[in-house]
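So the structure is just underneath, and the comments pick up after that.
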Amino acid sequence: MENKNLLLAVVLSAAVLFGWQYFVAGPQMKAEQQKQSVLAKEKGVETKPASIAAKAQQIAAVIPRSKALQSSGGRVVISTPTVDGSLSLKGARFDDLQLRHYHETVDPKSPEVVLFSPQNTAFPYYAVYGWVAASGDPVKLPGDNTVWTLASGKVLGPNTPVTLTWDNGQGLVFTRTIAVDDQYMFTVRDTVANKGGKAHTLYPFAYVARDGVPPEKQHYWSLHEGFVGVADNSLKDAKYTDFDKDEPPQNFQSTGGWLGITDKYWMAAVLPPQNEAFDGNFRGTHYRDTHAYQADYRLGARTLKPGQTIDLTQHLFAGAKVVSVIQNYEKNLSIAKFDYAIDWGWYSFFTRPLFWVLDHAYAFLGNFGLAILLLTILIRGALFPLANAQFKQMTRMKKLQPEMERIKERNKDDRVAQQQEMMALYQREKVNPVSGCLPMVIQIPILFSLYKVFLVTIEMYHTPFFGWIKDLSAPDPTSWINLFGLLPFNPHALLPSFLGFLSIGAWPVLLGITQWVQTKMNPAPADPVQAQMFGYMPIIFTFMFASLPSGLVIYYTWSNFLTLLQQYFMMRKHGVEIHLFNNLKLPWAKSA
């Protein structure tokens, strides 16, 4: 049975290591190469042959963000407690938005996270609302180059909406009132008055568009970044790579729902009236050296007769995917499954409750690091009955060891008889030889769920613990490279992301130590190959966790420590010999 447990441990460890290399290190290497390519292009250096004319055209097409914001047409300032930026009067476009509560680094003086950027910048990202006419109707409608007039309001903020107007000169007057709350939801109310003598049929539309994707947005295999939405009450989550070769749009029809583009922590989504049917699309096109992506919908026809006015209210979410904020919008605005914006994974029945406990622990303790420690204690407590049963079975197996050896010796030439006598012995003594594997199997979905929670939820972004941990969502900033914090720089900023495992911080070292001590709690394996494998595992795990979020490393380290305590007291309780001090070869240890 010990060999079976060892084999299972080896297989699981190999799976973890292979998965880390294939799904984490590999994508990080690819992302780093893409990042260097982007930097080269920004400096005017091509990574592949191109004509001088093509180079000049590409470089001229990209202008600094500050210059793009000075484009003609004018702007309306956006200022709320959570976002700031501006609204372009040209096209009435949402194309300038920063998130006030989130910065590029843990330094609160570092630049705010940029969500929306205008066209002609390095990575344009914006949202548009508009109208299209019925086929064959030449009526003029507001478009990308239409300059709207600011009719009322000066600064768009909570309780201070702005109103834009545009007259097409053919009898149609368009009025757009834009409001925003104190979080991340914009309300777009459009009215169209027909003061002419001809009827028109108009179709409202809205879309979120992104030209190119920064390489750092595509690091994690277990995290969805790309298109996201809900249509026909089901999740739609196409990836950017689904449109690498100009594939046709993904189309769907629905009554109620929403569509957008999501990053790890941020999202922009357009939301139609939830009681209306719409035709939705995810689109991707390729031009020059980049891809353009668009999530859009079109509502049903509005017939506008002379003297009539049509009225339509839509919404735009643009901001951070804070779980409580997203869930409040889902409830208060009756948005179909809006919290699908957060990539809980297919095992959401684990991830959602784990986050709920973690979030409430944080609300009680006021520190996410302490909340992680408390969550670990609760998980270990929940698994205690299994661990207790495991140690009871281990004790019984130890007592049966002499009899098992006699059975092996008596039937050394007859494996079938040997197995039959073993099974009879297990039944007679009420021993389950596979029960020792159960706790290990049960913990696997819990561990993957915790990894998912730490990865996808923004609540730990730039959130400090104690000491040198200033960001639980980032790797431990200490390392042998900076003498474990004595030198004032972050080694992870020097190394490419796929080499982050070379920068081993203090917490990963603690994790390795606790893992190593665990291997010393039991007798050393007689097989030298097994003993060598057990000796290497703590080193491998130390390197593997070096580049992972420090919150996850703290969880595993604390979990290892609690397991050590639990194992020590249970071995004492059940009379199992503790080999720790002998295996450590401490001076006061008894001879083996």
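If you're wondering about the labels, chains in the structure tokens are A, B, ... by order shown, residues count from 1 in each chain, ligands from 1 in order shown.
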
> Looking only at the backbone, which of the residues in segment 195-233 of chain A does DSSP tag as strand (DSSP E or B), as a list in words?
Replying inline: His200, Thr201, Leu202, Tyr203, Pro204, Phe205, Ala206, Tyr207, Val208, Ala209, Arg210, Asp211, Gly226, Phe227, Val228, Gly229, Val230 and Ala231 of chain A

Write the residues of the preceding selection, restricted to N, CA, C and O atoms, as an mmCIF file, in the first residue's frame.
data_model
loop_
_atom_site.group_PDB
_atom_site.id
_atom_site.type_symbol
_atom_site.label_atom_id
_atom_site.label_comp_id
_atom_site.auth_asym_id
_atom_site.auth_seq_id
_atom_site.Cartn_x
_atom_site.Cartn_y
_atom_site.Cartn_z
ATOM 1 N N HIS A 200 -39.078 56.889 -40.920
ATOM 2 C CA HIS A 200 -37.805 56.161 -41.010
ATOM 3 C C HIS A 200 -37.847 54.960 -40.066
ATOM 4 O O HIS A 200 -38.518 54.986 -39.025
ATOM 5 N N THR A 201 -37.141 53.926 -40.447
ATOM 6 C CA THR A 201 -36.976 52.750 -39.590
ATOM 7 C C THR A 201 -35.520 52.656 -39.164
ATOM 8 O O THR A 201 -34.623 52.562 -40.022
ATOM 9 N N LEU A 202 -35.293 52.717 -37.855
ATOM 10 C CA LEU A 202 -33.931 52.730 -37.315
ATOM 11 C C LEU A 202 -33.699 51.509 -36.428
ATOM 12 O O LEU A 202 -34.612 51.022 -35.765
ATOM 13 N N TYR A 203 -32.458 51.052 -36.430
ATOM 14 C CA TYR A 203 -32.037 49.918 -35.599
ATOM 15 C C TYR A 203 -30.928 50.380 -34.642
ATOM 16 O O TYR A 203 -29.860 50.802 -35.103
ATOM 17 N N PRO A 204 -31.154 50.314 -33.340
ATOM 18 C CA PRO A 204 -30.086 50.687 -32.405
ATOM 19 C C PRO A 204 -29.008 49.598 -32.348
ATOM 20 O O PRO A 204 -29.293 48.404 -32.474
ATOM 21 N N PHE A 205 -27.769 50.016 -32.145
ATOM 22 C CA PHE A 205 -26.676 49.058 -31.965
ATOM 23 C C PHE A 205 -25.709 49.597 -30.914
ATOM 24 O O PHE A 205 -25.711 50.783 -30.560
ATOM 25 N N ALA A 206 -24.861 48.710 -30.428
ATOM 26 C CA ALA A 206 -23.795 49.091 -29.497
ATOM 27 C C ALA A 206 -22.679 48.066 -29.630
ATOM 28 O O ALA A 206 -22.919 46.897 -29.957
ATOM 29 N N TYR A 207 -21.460 48.505 -29.376
ATOM 30 C CA TYR A 207 -20.346 47.560 -29.422
ATOM 31 C C TYR A 207 -19.172 48.037 -28.563
ATOM 32 O O TYR A 207 -19.040 49.221 -28.260
ATOM 33 N N VAL A 208 -18.364 47.069 -28.179
ATOM 34 C CA VAL A 208 -17.070 47.308 -27.553
ATOM 35 C C VAL A 208 -16.026 46.798 -28.525
ATOM 36 O O VAL A 208 -16.138 45.682 -29.041
ATOM 37 N N ALA A 209 -15.012 47.619 -28.810
ATOM 38 C CA ALA A 209 -13.987 47.249 -29.779
ATOM 39 C C ALA A 209 -12.602 47.419 -29.180
ATOM 40 O O ALA A 209 -12.362 48.295 -28.338
ATOM 41 N N ARG A 210 -11.711 46.571 -29.637
ATOM 42 C CA ARG A 210 -10.319 46.612 -29.169
ATOM 43 C C ARG A 210 -9.415 46.293 -30.358
ATOM 44 O O ARG A 210 -9.610 45.280 -31.033
ATOM 45 N N ASP A 211 -8.434 47.155 -30.595
ATOM 46 C CA ASP A 211 -7.480 46.934 -31.685
ATOM 47 C C ASP A 211 -6.153 46.488 -31.083
ATOM 48 O O ASP A 211 -5.399 47.294 -30.529
ATOM 49 N N GLY A 226 -10.698 37.615 -23.189
ATOM 50 C CA GLY A 226 -11.203 37.707 -24.552
ATOM 51 C C GLY A 226 -12.663 38.107 -24.538
ATOM 52 O O GLY A 226 -13.093 38.932 -23.725
ATOM 53 N N PHE A 227 -13.443 37.533 -25.433
ATOM 54 C CA PHE A 227 -14.870 37.839 -25.490
ATOM 55 C C PHE A 227 -15.602 37.174 -24.338
ATOM 56 O O PHE A 227 -15.244 36.075 -23.893
ATOM 57 N N VAL A 228 -16.635 37.853 -23.875
ATOM 58 C CA VAL A 228 -17.449 37.286 -22.802
ATOM 59 C C VAL A 228 -18.851 37.871 -22.908
ATOM 60 O O VAL A 228 -19.031 39.004 -23.387
ATOM 61 N N GLY A 229 -19.826 37.103 -22.495
ATOM 62 C CA GLY A 229 -21.197 37.593 -22.512
ATOM 63 C C GLY A 229 -22.169 36.489 -22.171
ATOM 64 O O GLY A 229 -21.787 35.335 -21.954
ATOM 65 N N VAL A 230 -23.419 36.863 -22.111
ATOM 66 C CA VAL A 230 -24.494 35.902 -21.868
ATOM 67 C C VAL A 230 -25.564 36.139 -22.919
ATOM 68 O O VAL A 230 -26.032 37.264 -23.111
ATOM 69 N N ALA A 231 -25.917 35.079 -23.621
ATOM 70 C CA ALA A 231 -26.988 35.122 -24.615
ATOM 71 C C ALA A 231 -27.783 33.834 -24.490
ATOM 72 O O ALA A 231 -27.212 32.759 -24.298
#

> Can you list, as JSON, numbers by chain, every protein, DNA or RNA residue that comes within 10 Å of Pro64 of chain A when you count only C-alpha atoms, leaving out same-chain residues fewer than 6 positions away?
Replying inline: {"A": [118, 120, 121, 122]}

>> So the first atom is atom CA of Pro81 of chain A and the second is atom CA of Asp181 of chain A; what is the distance between them in Å, to one decimal place?
In response: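 We find that atom CA of Pro81 of chain A and atom CA of Asp181 of chain A lie 9.2 Å from each other.
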
> In Å to one decimal, how far is atom CA of Lys392 of chain A from atom CA of Tyr555 of chain A?
Replying inline: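 Atom CA of Lys392 of chain A lies 26.7 Å from atom CA of Tyr555 of chain A.
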
> Taking into account only C-alpha atoms, which residue in the set A:Gly85, A:Pro161, A:Gly381, A:Pro273 is nearest to Leu69 of chain A?
Replying inline: A:Gly85

>> Just want the 12 Å neighbourhood of segment 234-251 of chain A, counted on only C-alpha atoms, with same-chain residues fewer than 5 positions away dropped. Output as JSON, numbers by chain.
In response: {"A": [210, 211, 212, 213, 214, 215, 217, 218, 221, 223, 224, 225, 226, 227, 228, 229, 256, 257, 258, 259, 260, 261, 262, 263, 278, 279, 280, 281, 282, 283, 284, 285, 286, 287, 289, 290, 291, 292, 293, 294, 295, 296, 297, 298, 336, 337, 338, 339, 340, 341, 342, 343, 344, 345, 346]}

> Residues at most 6 Å from segment 174-177 of chain A, counting only C-alpha atoms, excluding those fewer than 3 positions away in the same chain, as a PyMOL selection string?
Replying inline: chain A and resi 162-166+189-192

Go ahead and write the residues just picked, C-alpha atoms, as a CSV table (one decimal), in the first residue's frame.
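Wrote it out as again-v7.csv, contents follow:
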chain,number,residue,atom,x,y,z
A,162,VAL,CA,-24.5,65.4,-19.5
A,163,THR,CA,-26.7,65.8,-22.6
A,164,LEU,CA,-25.5,65.7,-26.2
A,165,THR,CA,-27.5,66.7,-29.3
A,166,TRP,CA,-27.1,66.4,-33.1
A,189,ARG,CA,-30.5,57.2,-22.9
A,190,ASP,CA,-31.1,58.0,-26.6
A,191,THR,CA,-34.1,59.8,-27.9
A,192,VAL,CA,-34.8,60.6,-31.6

> Distance atom CA of Gly74 of chain A-atom CA of Lys90 of chain A, one decimal place?
Replying inline: 7.1 Å

>> According to DSSP computed on the backbone, where in segment 92-243 of chain A is there helix (DSSP H, G or I)? Give the residues as a list in words.
In response: Pro215, Glu216, Lys217, Tyr240, Thr241, Asp242 and Phe243 of chain A

> Could you name the residues that touch Gly143 of chain A at 9 Å or less, counting only C-alpha atoms, but leaving out those on the same chain fewer than 6 positions away, as a list in words?
Replying inline: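 Residues near the query, excluding close chain neighbours: Lys90, Gly91, Ala92, Gly130 and Trp131 of chain A.
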
Export of prior selection with N, CA, C and O atoms as a compact mmCIF listing (two decimals), in the first residue's frame:
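Final output, out02.txt:
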# COMPACT_ATOMS: atom_id res chain seq x y z
N LYS A 90 -16.66 63.85 -30.63
CA LYS A 90 -16.61 63.33 -31.99
C LYS A 90 -16.98 61.84 -31.95
O LYS A 90 -16.22 61.00 -31.48
N GLY A 91 -18.17 61.54 -32.41
CA GLY A 91 -18.65 60.17 -32.38
C GLY A 91 -19.32 59.79 -31.07
O GLY A 91 -19.81 58.66 -30.93
N ALA A 92 -19.37 60.71 -30.09
CA ALA A 92 -19.95 60.42 -28.76
C ALA A 92 -19.40 59.09 -28.24
O ALA A 92 -20.14 58.22 -27.80
N GLY A 130 -25.02 53.64 -31.31
CA GLY A 130 -25.47 54.34 -32.50
C GLY A 130 -26.71 53.73 -33.12
O GLY A 130 -27.41 52.91 -32.50
N TRP A 131 -26.97 54.18 -34.37
CA TRP A 131 -28.16 53.76 -35.10
C TRP A 131 -27.76 53.42 -36.54
O TRP A 131 -26.85 54.02 -37.10
